[in-house]
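Undergrad: Take a look at the following structure, please.
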Amino acid sequence: MQVLTSKKRGFLYNLTLLFFLLFSATQLQGQTEGVSQRILNNLSYLASKEMAGRFPGTHQDTLSAIYIRDMLQKYGYQPLAQDGLQPFYINLTQASHSTSDSIEDPSKRSSIHGASQIPTFNVVMSLLGKMDSLTETIVLGAHYDHLGMGGIGSGSRKPNETAVHSGADDNASGVVGIMEIARELALHKKELKRNIVVVAFGAEEQGILGSKEFVRNSVAGAGKPVIMFNLDMIGRMDSLKKLYIGGVGTFEGGEPFIRALPNPAHFTLILSKDGYGPSDHAAFYGSHIPVLYFNTGIHPDYHTPSDNIDKINQEWMAAICNYIFNAVYQMATTSKAPLFQKAGPSEAPQHASFKVTLGIIPDFSSIDSTGLRVDFVTEGRAAEKAGIKPGDVIKYLNGKEVFNVYDYMERLGELKAGDEITVQIRRKEEMITLKVQL
């Protein structure tokens with residue numbers, strides 16, 4: 001029998017350790033690649049040209065809802081509502097002109113109070129099956145609809161261009177995200193103390209109609225929501241790795257909870273306390289339910305035909321899903337439910353349905369409360385003609401101070417087409433006053 005010297009034993013130990021580390025790294029890489037591939041596969045279906053922008057009431061809208069439901073069922077989730085689909089109606093006046101004629105089946109339209117309406121759905125699935133109304137649940141949600149073929153009145157930033165608005169980031173990315181997180185939660189089903197209800201909302205682009213329907217007419221077995229996680233646009237993380245998280249002030253200890261989560265990808269966390277925002281979580285916050293809202297920021301392709309799959313970073317999406325999974329898992333396994341607290345307004349300003357716009361996209365995720373930062377300026381609109389540029393901070397609108405997006409919306413509601421107004425902005429360290437013709 002050969003006796004190993006300490007030097008040889010050390011060499012073999014190091015060789016074994018090296019093999020183990022290489023094997024572990026390869027295994028981890030394989031797992032990550034597996035998640036990325038699932039993300040790509042699901043995105044490739046929902047954001048394909050064949051899905052024609054997933055406009056509410058269309059054949060593609062129905063196919064998208066069924067696809068999401070079937071995938072969740074495959075992961076072990078049980079249908080709530082009727083076959084996992086909660087139907088509701090939207091007015092045809094809320095549909096884009098270029099898409100309203102392509103409604104799946106005109107015979108399905110109904111007339112309520114004289115208004116022609118079309119059907120769409122929320123996809124509602126539960127991990128623990130049907131529970132009683134007192135069962136504490138965590139809602140994991142994202143909207144699956146988008147702008148269809150665009151057109152005037154659709155919300156497209158290029159309303160004169162009729163083309164498929166695939167909405168890969170907005171919001172196929174969020175839906176694929178909840179599907180991936182739901183899959184991982186199902187693997188830990190026995191450890192969960194709360195039910196998980198996964199909801200893919202319809203008609204968000206028409207005014208968060210699906211989430212309002214769910215909150216107003218929660219389906220049997222959905223239980224009592226104790227917190228809502230909303231994923232809206234998580235597919236375009238940039239090189240600075242900014243992850244915007246809203247709603248950290250809507251429950252006690254929200255910010256410490258977020259900051260204590262594992263962050264192996266070293267995301268730069270941009271936190272906002274406000275519970276109200278331009279997405280489905282607003283309906284829950286308005287009903288005194290804590291919320292957390294995740295996104296990676298607005299980009300030039302937002303609400304245009306160029307928001308396509310080839311610009312999605314599925315590797316970063318996989319890392320984001322892992323981060324959010326840890327948050328949901330901790331909420332689902334702790335004994336104490338989060339305690340709601342008010343953080344900002346609970347609804348849109350009274351004049352939110354304004355008749356004029358400047359032609360900008362505000363930075364909804366900005367935590368600067370000294371003005372409204374401009375993210376993008378639409379070509380040919382009033383703001384661009386007046387000289388407003390991305391990065392400018394709007395301080396005053398027609399002589400009235402603007403602290404945030406809510407003030408901005410309130411000020412716009414007081415104006416009408418044809419008005420000439422002054423807009424005072426801060427550009428770097430310089431204050432500039434511009435005249436804007438609406």
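The chains in the structure tokens are called A, B, ... from first to last as shown; in each chain the residues are counted from 1, and the ligands are counted from 1 in the order shown.
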Write out as a ChimeraX atom specification each polymer residue whose atoms come within 9 Å of stretch 285-299 of chain A, counting only C-alpha atoms; drop sequence neighbours fewer than 5 positions from it.

TA: /A:174,215,225-238,241-251,254,275-277,279,324,338-342,345-347,361,363-365,375-376

Undergrad: With DSSP run on the backbone, what are the strand (DSSP E or B) residues within stretch 323-432 of chain A? I'd like them as a list of chain:residue names.

TA: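 Output for stretch 323-432 of chain A, strand (DSSP E or B) only: A:Phe340, A:Ile360, A:Ile361, A:Pro362, A:Leu372, A:Arg373, A:Val374, A:Asp375, A:Phe376, A:Val377, A:Val393, A:Ile394, A:Lys395, A:Tyr396, A:Leu397, A:Lys400, A:Glu401, A:Glu420, A:Ile421, A:Thr422, A:Val423, A:Gln424, A:Ile425, A:Arg426, A:Arg427, A:Glu430, A:Met431, A:Ile432.
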
Undergrad: Per residue of stretch 214-253 of chain A within 9 Å of stretch 73-90 of chain A, record the nearest atom pair and its distance in Å to one decimal, counting only C-alpha atoms, with rows in chain order and ascending residue number, as a Markdown table.

TA:
| residue | atom | partner | partner_atom | distance |
| --- | --- | --- | --- | --- |
| A:Phe214 | CA | A:Gln86 | CA | 8.1 |
| A:Ser218 | CA | A:Ala81 | CA | 9.0 |
| A:Val219 | CA | A:Ala81 | CA | 5.5 |
| A:Ala220 | CA | A:Ala81 | CA | 6.7 |
| A:Gly221 | CA | A:Leu80 | CA | 6.8 |
| A:Ala222 | CA | A:Leu80 | CA | 7.2 |

Undergrad: Take the residues from that selection and put them in a file with N, CA and C atoms, as a PDB file, in the first residue's frame.

TA:
ATOM      1  N   PHE A 214     -60.190  42.960 -10.228  1.00  0.00           N
ATOM      2  CA  PHE A 214     -59.799  41.926  -9.265  1.00  0.00           C
ATOM      3  C   PHE A 214     -60.009  42.412  -7.834  1.00  0.00           C
ATOM      4  N   SER A 218     -63.058  40.328  -6.106  1.00  0.00           N
ATOM      5  CA  SER A 218     -62.075  39.257  -5.933  1.00  0.00           C
ATOM      6  C   SER A 218     -62.752  37.903  -6.080  1.00  0.00           C
ATOM      7  N   VAL A 219     -62.135  36.991  -6.819  1.00  0.00           N
ATOM      8  CA  VAL A 219     -62.749  35.708  -7.122  1.00  0.00           C
ATOM      9  C   VAL A 219     -62.775  34.817  -5.895  1.00  0.00           C
ATOM     10  N   ALA A 220     -63.718  33.879  -5.885  1.00  0.00           N
ATOM     11  CA  ALA A 220     -63.854  32.952  -4.773  1.00  0.00           C
ATOM     12  C   ALA A 220     -62.574  32.144  -4.610  1.00  0.00           C
ATOM     13  N   GLY A 221     -62.105  32.070  -3.367  1.00  0.00           N
ATOM     14  CA  GLY A 221     -60.915  31.287  -3.090  1.00  0.00           C
ATOM     15  C   GLY A 221     -59.627  32.081  -3.151  1.00  0.00           C
ATOM     16  N   ALA A 222     -59.714  33.365  -3.559  1.00  0.00           N
ATOM     17  CA  ALA A 222     -58.493  34.163  -3.662  1.00  0.00           C
ATOM     18  C   ALA A 222     -57.944  34.534  -2.297  1.00  0.00           C
TER      19      ALA A 222
END

Undergrad: Please list as a count of residues only every residue within 9 Å of A:Asn308, counting only C-alpha atoms and excluding residues in the same chain fewer than 3 positions away.

TA: 11

Undergrad: What parts of stretch 128-365 of chain A does DSSP call alpha helix (DSSP H)? I'd like the answer as a VMD selection string.

TA: chain A and resid 174 to 186 209 to 216 254 to 259 281 to 285 314 to 333

Undergrad: Have a look at A:Gly253, A:Gly53, A:Pro159, A:Gly387 and name the one nearest to A:Leu147; count only C-alpha atoms.

TA: A:Gly53

Undergrad: Determine, counting only C-alpha atoms, which protein, DNA and RNA residues have an atom within 9 Å of an atom of A:Thr422; residues of the same chain fewer than 2 positions away are not included. Present the result as a ChimeraX atom specification.

TA: /A:396-399,420,424,433-437

Undergrad: Select, from A:Lys193, A:Arg373, A:Arg157, A:His143, the residue with the minimum atom-to-atom distance to A:Asn404, counting only C-alpha atoms.

TA: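 Looking only at the distances to A:Asn404, the closest residue turns out to be A:Arg373.
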